[in-house]
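Asks: So here's run_8.txt (compact mmCIF, C-alpha atoms).
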# COMPACT_ATOMS: atom_id res chain seq x y z
CA MET A 1 67.64 3.46 160.02
CA SER A 2 66.17 5.64 162.71
CA ILE A 3 62.88 7.46 162.93
CA PRO A 4 62.73 11.11 163.93
CA PRO A 5 62.15 11.63 167.68
CA ALA A 6 58.49 11.89 168.67
CA GLU A 7 58.09 15.28 170.25
CA VAL A 8 55.80 18.24 170.26
CA VAL A 9 57.51 20.77 168.06
CA GLY A 10 55.03 23.60 168.31
CA VAL A 11 51.97 24.70 170.20
CA SER A 12 49.92 27.58 168.94
CA GLN A 13 50.50 30.62 171.07
CA GLY A 14 48.23 31.19 174.06
CA ILE A 15 46.30 27.90 173.86
CA ASP A 16 46.50 25.35 176.68
CA ALA A 17 46.30 21.55 176.69
CA THR A 18 42.49 21.65 176.88
CA GLY A 19 42.35 23.72 173.69
CA ASN A 20 41.27 26.84 175.57
CA TRP A 21 42.68 30.34 175.14
CA ARG A 22 44.79 31.49 178.08
CA TYR A 23 44.87 35.05 179.41
CA VAL A 24 46.00 37.02 182.44
CA VAL A 25 43.12 39.13 183.76
CA SER A 26 43.45 41.09 187.03
CA GLY A 27 46.47 38.98 187.95
CA LEU A 28 44.52 35.75 187.49
CA GLN A 29 45.21 33.01 184.94
CA VAL A 30 42.06 32.63 182.86
CA SER A 31 41.21 29.71 180.58
CA SER A 32 38.48 30.46 178.02
CA PRO A 33 36.96 28.46 175.16
CA MET A 34 36.35 31.70 173.27
CA GLU A 35 38.92 34.25 172.19
CA LEU A 36 38.99 37.46 174.29
CA PRO A 37 40.55 39.99 171.91
CA SER A 38 41.01 42.74 174.52
CA ALA A 39 42.74 40.61 177.17
CA ILE A 40 46.47 39.93 177.51
CA ARG A 41 47.59 36.48 176.38
CA ALA A 42 49.24 34.36 179.08
CA GLU A 43 52.90 33.59 178.37
CA ASP A 44 52.86 30.37 180.36
CA VAL A 45 49.90 28.14 179.52
CA SER A 46 51.13 25.10 181.51
CA THR A 47 50.04 26.31 184.96
CA GLN A 48 46.68 25.49 186.56
CA PRO A 49 44.25 28.29 185.65
CA ASP A 50 42.71 30.36 188.48
CA VAL A 51 39.48 30.93 186.57
CA VAL A 52 37.94 28.64 183.97
CA VAL A 53 35.25 29.74 181.53
CA VAL A 54 33.04 26.84 180.46
CA SER A 55 30.43 26.87 177.71
CA GLY A 56 27.30 24.97 178.63
CA THR A 57 23.71 25.01 179.74
CA VAL A 58 23.05 27.33 182.66
CA PRO A 59 20.22 26.30 185.03
CA GLU A 60 17.07 28.43 184.97
CA GLN A 61 17.19 28.88 188.74
CA LEU A 62 19.16 27.90 191.83
CA ALA A 63 17.92 25.17 194.16
CA HIS A 64 18.10 27.39 197.26
CA ALA A 65 18.59 31.08 196.52
CA VAL A 66 19.53 33.07 199.63
CA ARG A 67 19.18 36.43 197.87
CA GLN A 68 17.72 37.46 194.58
CA GLY A 69 16.74 40.39 192.44
CA PRO A 70 15.59 41.01 188.87
CA GLY A 71 17.63 38.67 186.65
CA TRP A 72 19.97 37.40 189.36
CA SER A 73 20.11 35.14 192.40
CA ILE A 74 22.76 33.93 194.83
CA GLY A 75 22.90 30.49 196.44
CA ALA A 76 25.30 27.75 197.44
CA GLU A 77 25.98 27.00 193.76
CA GLY A 78 27.11 30.55 193.10
CA PHE A 79 25.86 33.71 191.42
CA LEU A 80 23.28 33.12 188.68
CA ILE A 81 22.71 36.01 186.30
CA ALA A 82 20.89 36.47 183.00
CA ILE A 83 21.11 39.42 180.62
CA PRO A 84 18.48 38.98 177.88
CA GLY A 85 20.01 39.02 174.41
CA VAL A 86 23.56 38.57 175.78
CA ALA A 87 24.04 35.48 177.98
CA LYS A 88 23.10 33.49 181.04
CA ALA A 89 25.89 32.64 183.47
CA LEU A 90 26.59 30.86 186.74
CA VAL A 91 29.72 32.16 188.50
CA SER A 92 31.01 29.89 191.26
CA GLY A 93 33.68 30.09 193.95
CA GLY A 94 35.62 32.85 192.23
CA GLU A 95 36.99 30.22 189.85
CA ARG A 96 34.38 29.07 187.37
CA ILE A 97 32.14 30.86 184.88
CA LEU A 98 29.54 28.64 183.23
CA LEU A 99 28.42 30.64 180.21
CA GLU A 100 25.47 30.16 177.87
CA PRO A 101 25.56 32.90 175.22
CA ASP A 102 22.35 34.02 173.56
CA ALA A 103 22.21 32.81 169.95
CA ALA A 104 21.92 36.37 168.60
CA VAL A 105 24.58 38.04 170.75
CA ASP A 106 27.20 40.32 169.17
CA PRO A 107 30.57 38.63 169.98
CA GLY A 108 32.00 42.00 171.03
CA ASP A 109 29.16 42.48 173.52
CA LEU A 110 29.72 39.00 174.92
CA VAL A 111 33.41 39.71 175.60
CA LEU A 112 32.55 43.07 177.23
CA TYR A 113 30.02 41.31 179.47
CA LEU A 114 32.37 38.44 180.35
CA LEU A 115 35.34 40.67 181.22
CA GLY A 116 33.11 43.31 182.82
CA THR A 117 30.21 42.17 184.98
CA LEU A 118 31.00 38.45 185.13
CA PHE A 119 34.65 39.00 185.99
CA ALA A 120 33.65 41.54 188.63
CA ILE A 121 31.52 38.80 190.24
CA VAL A 122 34.58 36.48 190.19
CA LEU A 123 36.70 39.17 191.87
CA HIS A 124 34.03 39.88 194.52
CA GLN A 125 33.79 36.16 195.27
CA ARG A 126 37.55 36.35 195.88
CA GLY A 127 37.03 39.24 198.32
CA ARG A 128 38.51 41.87 196.05
CA VAL A 129 37.32 45.44 195.69
CA VAL A 130 36.70 46.55 192.11
CA LEU A 131 36.67 50.23 191.15
CA HIS A 132 35.54 51.91 187.95
CA ALA A 133 39.02 53.25 187.27
CA SER A 134 42.00 53.23 184.96
CA ALA A 135 45.52 53.11 186.40
CA VAL A 136 49.10 53.86 185.43
CA ALA A 137 52.41 53.02 187.13
CA VAL A 138 54.34 55.89 188.70
CA GLY A 139 57.54 54.57 190.24
CA ASP A 140 56.54 51.54 192.33
CA LYS A 141 53.00 52.89 192.91
CA ALA A 142 49.71 52.68 191.04
CA MET A 143 47.83 55.92 190.37
CA LEU A 144 44.10 55.43 189.78
CA PHE A 145 41.70 57.59 187.76
CA CYS A 146 38.02 57.30 188.62
CA GLY A 147 34.92 58.70 187.03
CA GLN A 148 31.72 57.80 185.31
CA SER A 149 31.69 56.52 181.72
CA GLY A 150 32.84 59.35 179.49
CA ALA A 151 34.75 61.13 182.28
CA GLY A 152 38.02 60.51 180.44
CA LYS A 153 39.61 57.67 182.41
CA SER A 154 41.01 55.79 179.43
CA THR A 155 42.08 58.96 177.66
CA MET A 156 43.91 60.13 180.80
CA ALA A 157 45.72 56.77 181.01
CA ALA A 158 46.61 56.96 177.32
CA MET A 159 47.93 60.54 177.61
CA LEU A 160 50.05 59.53 180.60
CA GLY A 161 51.23 56.60 178.49
CA LYS A 162 52.52 59.12 175.98
CA ARG A 163 54.48 60.74 178.83
CA GLY A 164 56.11 57.37 179.56
CA TYR A 165 53.96 55.88 182.35
CA ALA A 166 53.05 52.23 181.91
CA LEU A 167 49.36 51.36 181.75
CA LEU A 168 48.18 49.04 184.53
CA ASN A 169 44.39 48.90 184.11
CA ASP A 170 41.73 50.27 181.84
CA ASP A 171 38.22 50.93 183.13
CA VAL A 172 38.36 48.24 185.85
CA CYS A 173 40.81 48.28 188.75
CA ASN A 174 40.79 45.47 191.25
CA LEU A 175 42.33 45.92 194.67
CA HIS A 176 43.66 43.15 196.85
CA LEU A 177 44.33 43.63 200.57
CA GLY A 178 47.69 42.03 201.38
CA ASP A 179 48.66 40.42 204.69
CA ASP A 180 50.73 43.56 205.30
CA GLY A 181 47.55 45.70 205.31
CA VAL A 182 48.43 47.35 201.98
CA TYR A 183 45.94 47.60 199.11
CA ARG A 184 47.55 46.65 195.82
CA VAL A 185 46.30 46.99 192.29
CA TYR A 186 46.53 43.87 190.16
CA PRO A 187 47.08 45.07 186.61
CA ASP A 188 45.56 43.28 183.70
CA GLY A 189 46.93 45.34 180.86
CA ARG A 190 43.63 45.22 179.04
CA MET A 191 43.53 47.23 175.91
CA LEU A 192 42.32 50.77 176.24
CA LYS A 193 38.75 51.44 175.23
CA LEU A 194 38.90 54.76 173.45
CA TRP A 195 36.53 56.90 171.47
CA ALA A 196 37.51 57.79 167.92
CA GLN A 197 38.21 61.44 168.80
CA SER A 198 40.66 60.37 171.54
CA LEU A 199 42.52 58.14 169.10
CA GLU A 200 42.84 61.11 166.79
CA HIS A 201 44.24 63.32 169.56
CA LEU A 202 46.75 60.63 170.54
CA GLU A 203 47.77 60.32 166.89
CA TRP A 204 46.90 56.64 166.87
CA ALA A 205 45.52 55.31 163.65
CA GLU A 206 42.09 53.75 163.59
CA ALA A 207 43.57 51.10 161.33
CA GLN A 208 45.60 49.72 164.27
CA ALA A 209 42.62 49.65 166.56
CA ILE A 210 39.95 46.99 166.94
CA ARG A 211 36.39 48.27 166.82
CA ILE A 212 34.60 47.14 170.02
CA ARG A 213 31.16 46.84 168.48
CA LYS A 214 30.01 47.07 164.92
CA ASP A 215 27.93 50.17 165.58
CA ALA A 216 30.01 52.20 168.06
CA ALA A 217 32.83 54.63 167.35
CA LYS A 218 34.81 53.15 170.21
CA PHE A 219 37.94 51.06 169.76
CA TYR A 220 40.29 48.73 171.59
CA MET A 221 43.85 49.99 171.35
CA ALA A 222 46.90 48.13 172.58
CA PRO A 223 48.74 50.29 175.13
CA ARG A 224 52.35 51.21 174.41
CA MET A 225 53.63 49.52 177.55
CA VAL A 226 52.05 46.94 179.81
CA ASP A 227 53.33 46.06 183.26
CA LEU A 228 51.81 43.20 185.26
CA THR A 229 53.54 43.81 188.66
CA PRO A 230 51.03 44.39 191.51
CA ARG A 231 51.57 47.84 193.02
CA PRO A 232 50.41 49.66 196.18
CA VAL A 233 47.88 52.42 195.52
CA GLY A 234 49.74 55.75 195.43
CA GLY A 235 46.68 57.94 194.96
CA VAL A 236 43.17 58.01 193.54
CA PHE A 237 42.22 60.90 191.27
CA ILE A 238 38.53 61.64 190.69
CA LEU A 239 38.09 63.19 187.22
CA ARG A 240 35.79 66.20 187.19
CA VAL A 241 34.89 68.76 184.55
CA ALA A 242 35.93 72.35 185.32
CA GLU A 243 32.81 74.43 184.79
CA ASP A 244 34.88 77.62 185.19
CA GLY A 245 37.62 76.38 182.86
CA VAL A 246 40.29 76.31 185.60
CA SER A 247 42.42 73.16 186.09
CA SER A 248 43.03 72.20 189.71
CA LEU A 249 44.11 69.31 191.89
CA ALA A 250 42.99 69.12 195.54
CA ARG A 251 42.91 66.45 198.22
CA LEU A 252 39.39 65.49 199.29
CA SER A 253 38.13 65.53 202.88
CA ASN A 254 37.70 62.16 204.55
CA ALA A 255 33.91 62.12 204.11
CA ASP A 256 34.17 63.11 200.42
CA ALA A 257 36.95 60.58 199.78
CA LEU A 258 34.85 57.80 201.29
CA SER A 259 31.79 58.88 199.35
CA GLU A 260 33.65 59.12 196.00
CA LEU A 261 35.40 55.76 196.34
CA THR A 262 32.21 53.91 197.22
CA LEU A 263 30.30 55.72 194.43
CA ASN A 264 33.01 54.64 191.98
CA ALA A 265 32.55 50.95 192.71
CA TYR A 266 32.66 49.23 189.33
CA ARG A 267 29.19 47.71 189.75
CA PRO A 268 27.41 49.32 192.75
CA ALA A 269 24.46 46.90 192.43
CA LEU A 270 26.87 43.96 192.73
CA VAL A 271 28.41 45.46 195.87
CA ARG A 272 24.98 45.52 197.50
CA SER A 273 23.76 42.16 196.22
CA MET A 274 27.03 40.42 197.20
CA ASP A 275 27.10 42.12 200.63
CA MET A 276 30.50 43.72 199.96
CA THR A 277 29.82 47.22 201.38
CA GLN A 278 32.10 46.67 204.36
CA ALA A 279 35.01 45.58 202.15
CA TYR A 280 34.63 48.77 200.06
CA PHE A 281 34.40 50.93 203.19
CA HIS A 282 37.65 49.49 204.57
CA ALA A 283 39.41 49.82 201.21
CA ALA A 284 38.35 53.47 200.97
CA ILE A 285 39.56 54.19 204.50
CA GLY A 286 42.84 52.36 203.88
CA ILE A 287 43.51 54.27 200.66
CA GLN A 288 42.61 57.67 202.13
CA ARG A 289 44.94 56.98 205.08
CA SER A 290 47.91 55.72 203.09
CA ALA A 291 47.71 57.54 199.76
CA GLY A 292 44.86 60.05 199.53
CA VAL A 293 41.92 60.69 197.25
CA PHE A 294 42.06 63.81 195.06
CA ALA A 295 39.75 65.73 192.77
CA LEU A 296 41.37 66.45 189.39
CA THR A 297 39.27 69.16 187.79
CA ARG A 298 40.00 70.20 184.21
CA PRO A 299 38.29 71.56 181.12
CA ILE A 300 37.23 69.01 178.50
CA ASP A 301 39.57 70.37 175.85
CA PHE A 302 42.35 68.28 174.32
CA ALA A 303 44.30 71.45 173.57
CA ARG A 304 44.59 72.08 177.32
CA ALA A 305 45.14 68.46 178.43
CA ASP A 306 48.74 69.19 179.44
CA GLU A 307 47.59 71.41 182.33
CA ALA A 308 46.09 68.46 184.21
CA LEU A 309 49.09 66.25 183.40
CA ASP A 310 51.48 68.92 184.72
CA LEU A 311 49.48 69.22 187.97
CA LEU A 312 49.64 65.46 188.43
CA GLU A 313 53.36 65.23 187.76
CA ALA A 314 54.05 68.08 190.20
CA ARG A 315 51.99 66.27 192.86
CA TRP A 316 53.80 62.96 192.27
CA ALA A 317 57.21 64.64 192.40
CA LYS A 318 56.26 66.25 195.72
CA ALA A 319 54.97 62.94 197.17
CA GLU A 320 58.20 61.24 196.16
CA GLN A 321 60.25 64.02 197.75
CA ASP A 322 58.17 63.77 200.97
CA GLU A 323 58.88 60.05 201.11
CA ILE A 324 62.64 60.65 200.78
CA ASP A 325 62.49 63.32 203.50
CA MET B 1 13.69 68.13 211.79
CA VAL B 2 13.04 69.40 215.33
CA VAL B 3 14.86 66.75 217.26
CA GLU B 4 16.84 68.79 219.75
CA GLN B 5 13.72 69.93 221.54
CA THR B 6 12.76 66.36 222.34
CA LEU B 7 16.16 65.65 223.94
CA ASP B 8 16.59 65.85 227.67
CA GLU B 9 18.84 64.15 230.19
CA ASN B 10 16.46 61.21 230.49
CA SER B 11 16.22 60.58 226.72
CA GLN B 12 17.48 57.19 225.61
CA VAL B 13 20.07 57.41 222.83
CA ALA B 14 21.45 54.59 220.70
CA ARG B 15 23.49 54.18 217.53
CA GLY B 16 21.46 53.80 214.34
CA ASP B 17 21.69 50.48 212.51
CA GLY B 18 24.07 49.70 209.68
CA TRP B 19 26.77 52.34 210.19
CA LEU B 20 30.37 51.44 209.37
CA SER B 21 33.02 53.54 211.08
CA ALA B 22 36.79 54.02 211.39
CA TRP B 23 39.36 56.55 212.53
CA VAL B 24 41.35 58.44 209.90
CA ASP B 25 43.99 60.32 211.88
CA THR B 26 42.00 62.54 214.28
CA GLU B 27 38.71 62.28 212.37
CA TYR B 28 36.09 59.61 212.83
CA VAL B 29 34.54 58.64 209.50
CA MET B 30 31.18 56.89 209.18
CA MET B 31 29.17 55.49 206.31
CA SER B 32 25.62 54.19 206.19
CA ALA B 33 25.57 50.77 204.55
CA ASP B 34 21.94 51.42 203.59
CA THR B 35 22.08 54.87 202.02
CA GLY B 36 25.81 55.41 201.34
CA MET B 37 25.69 58.66 203.37
CA CYS B 38 29.19 59.56 204.65
CA ILE B 39 29.82 61.62 207.78
CA SER B 40 33.06 62.77 209.30
CA LEU B 41 33.23 63.53 213.05
CA SER B 42 35.74 65.52 215.07
CA GLU B 43 37.91 63.68 217.58
CA THR B 44 35.45 64.47 220.40
CA GLY B 45 32.49 63.45 218.24
CA GLY B 46 34.21 60.15 217.48
CA ARG B 47 34.80 59.59 221.19
CA ILE B 48 31.10 60.19 221.94
CA TRP B 49 30.19 57.64 219.25
CA GLU B 50 32.56 55.12 220.85
CA LEU B 51 30.98 55.75 224.28
CA MET B 52 27.54 55.07 222.77
CA GLU B 53 28.29 51.39 222.20
CA GLU B 54 25.38 50.51 224.50
CA PRO B 55 22.05 52.38 224.43
CA GLN B 56 21.89 54.74 227.40
CA THR B 57 20.43 57.96 228.74
CA VAL B 58 21.89 61.34 227.82
CA ALA B 59 22.72 61.81 231.52
CA SER B 60 24.77 58.60 231.56
CA LEU B 61 26.61 59.65 228.39
CA CYS B 62 27.41 63.05 229.93
CA ASP B 63 28.74 61.44 233.09
CA LYS B 64 31.20 59.41 231.03
CA LEU B 65 32.29 62.49 229.08
CA ALA B 66 32.68 64.50 232.28
CA ALA B 67 35.14 61.85 233.48
CA GLU B 68 37.26 62.34 230.34
CA TYR B 69 36.93 66.04 229.50
CA ASP B 70 37.73 68.99 231.73
CA ALA B 71 34.57 71.02 231.10
CA PRO B 72 31.53 72.07 233.16
CA ARG B 73 28.69 69.58 232.91
CA GLU B 74 26.22 72.13 231.49
CA VAL B 75 28.66 72.92 228.66
CA LEU B 76 29.08 69.21 227.90
CA LEU B 77 25.32 68.75 227.97
CA GLU B 78 24.76 71.54 225.41
CA ASP B 79 27.45 70.05 223.13
CA VAL B 80 25.94 66.59 223.43
CA TYR B 81 22.44 67.89 222.59
CA THR B 82 23.74 69.59 219.44
CA PHE B 83 25.81 66.55 218.43
CA LEU B 84 22.98 64.06 218.98
CA GLY B 85 20.48 66.36 217.24
CA THR B 86 22.67 66.51 214.13
CA LEU B 87 23.34 62.77 214.05
CA SER B 88 19.70 61.87 214.64
CA ALA B 89 18.74 64.04 211.65
CA GLU B 90 21.03 61.75 209.58
CA GLU B 91 19.51 58.70 211.28
CA ALA B 92 22.92 57.81 212.72
CA VAL B 93 21.50 58.14 216.23
CA VAL B 94 18.10 57.00 217.46
CA VAL B 95 16.50 59.01 220.27
CA THR B 96 13.60 57.68 222.28
CA ALA B 97 11.83 59.80 224.85
CA ALA B 98 12.23 58.87 228.50
Any chance you could give the structure as structure tokens?

Replies:
Amino acid sequence: MSIPPAEVVGVSQGIDATGNWRYVVSGLQVSSPMELPSAIRAEDVSTQPDVVVVSGTVPEQLAHAVRQGPGWSIGAEGFLIAIPGVAKALVSGGERILLEPDAAVDPGDLVLYLLGTLFAIVLHQRGRVVLHASAVAVGDKAMLFCGQSGAGKSTMAAMLGKRGYALLNDDVCNLHLGDDGVYRVYPDGRMLKLWAQSLEHLEWAEAQAIRIRKDAAKFYMAPRMVDLTPRPVGGVFILRVAEDGVSSLARLSNADALSELTLNAYRPALVRSMDMTQAYFHAAIGIQRSAGVFALTRPIDFARADEALDLLEARWAKAEQDEID
Amino acid sequence: MVVEQTLDENSQVARGDGWLSAWVDTEYVMMSADTGMCISLSETGGRIWELMEEPQTVASLCDKLAAEYDAPREVLLEDVYTFLGTLSAEEAVVVTAA
């Protein structure tokens, strides 16, 4: 008589040997004790994670802070930050987030904060440049859409998704300077954060979407296609509202391009506090030289959204033709 | 700001602190790390900025330019006054009287 072989016959999807959830965020393997509903689950959970989120007690202050401001300080131990009512955190070496959530925090808010500000600190500690932008894949390039909250970044990415372009990033775009001098976007395929009226225009049902917070009419929506290949920046498009109702697309001067890209840093205060201004300057110069920064001006009117999309596609077709010639 | 009137050949000129700069094709692009102000200079303007690596007098700066550009010295001097006046208004250049 034999006994059945002793083997692991199943592991629940996306959970690693330590019992943590595993995700891919900005090209990095992330291990988290809490579920991050908007992030992409890692397919392979056996590799060493790049970033580990740990729940625990965060110190009140650092032993030797070298810089500090209201609610934050930086020292040898890392970046200590506290947001009242949300969480305290210590982010170290671009690889560890020690997190102490506030007892009363909305779980949705905690995930937004972790994947937003805290992850931006991780990326800065790794020397990356983080822009407030959404991005789609066009051929082998990444096209970025910048603008303040409400400028239509996610909606633009979603509309381009409907035209068949894969989503690379929503809201946060991190750029990595390769040894070859090329800035590449590391996609994370996060779900799109869309307002209810955008969902309606895109004919996506609210039922399929996950409400971000209990009280906001904004939803996470899984994109139709996700692509995790890092891609060189092919262009940055600054979204502007056409006061005169005319859609247009124009390349910005060098000074304006530099100004717009540095203004569209994901967290300008972090750029200053982490002494990253030079890295952003060089990224802006590199992108303006190799790809260009453009102003995409269009009326805020879903009925006329195709005008801006047509201008973009004409521009991309021309750039592709120029490269062949 | 009435800076140009205080400039003469003996004025000491120096780069302001905290400016990042790089060439983009034939333009020289600068950004203040403190204020975020961005300025784009012509090719000649960029060359003047490069020649200002060390603090010096306007006369010394003009001598260097005269060696590189085929123009009468008085023409160069006028151009340099205008250029330095504009940049000092943006605090990219610091002028101290002789």

Asks: Up to 8 Å from (47.6, 47.4, 192.2) in the file's coordinates: name the residues, counting all atoms listed in the file, as a list of chain:residue names.

Replies: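 It turns out the residues near that spot are A:Lys141, A:Ala142, A:Leu168, A:Cys173, A:Asn174, A:Leu175, A:His176, A:Tyr183, A:Arg184, A:Val185, A:Tyr186, A:Pro187, A:Thr229, A:Pro230, A:Arg231, A:Pro232, A:Val233.
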
Asks: Given all atoms listed in the file as the basis, pick out the residue of A:Arg96, A:Arg272, A:Arg298, A:Lys318 nearest to chain B.

Replies: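 Selected residue with least distance to chain B: A:Arg272.
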
Asks: Do me a favour and pick out the residues of chain A within 9 Å of chain B, using all atoms listed in the file, as a VMD selection string.

Replies: chain A and resid 253 to 256 258 to 259 262 to 263 272 277 to 278 281 to 282 285 to 286 288 to 289

Asks: One decimal, in Å: what's the spacing between atom CA of A:Asn169 and atom CA of A:Val130?

Replies: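 That distance, rounded to one decimal, is 11.3 Å.
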
Asks: Compile the contact shell of stretch 274-276 of chain A as a list in words: residues with an atom at most 8 Å away, counting all atoms listed in the file, same-chain residues fewer than 4 positions apart removed.

Replies: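 These residues fall inside the cut-off: His124, Leu270 and Tyr280 of chain A.
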
Asks: Got a sec: who's within 12 Å of A:Asp16, counting only C-alpha atoms, leaving out chain neighbours fewer than 4 positions off, as a list of chain:residue names?

Replies: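 Result of the neighbour search: A:Val11, A:Ser12, A:Asn20, A:Trp21, A:Arg22, A:Tyr23, A:Gln29, A:Val30, A:Ser31, A:Ser32, A:Pro33, A:Arg41, A:Ala42, A:Glu43, A:Asp44, A:Val45, A:Ser46, A:Thr47, A:Gln48, A:Pro49, A:Val52.
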
Asks: For atom CA of A:Pro37 and atom CA of A:Asp170, determine how far apart the two atoms are, in Å to one decimal place.

Replies: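 Spanning atom CA of A:Pro37 to atom CA of A:Asp170 is a straight-line distance of 14.3 Å.
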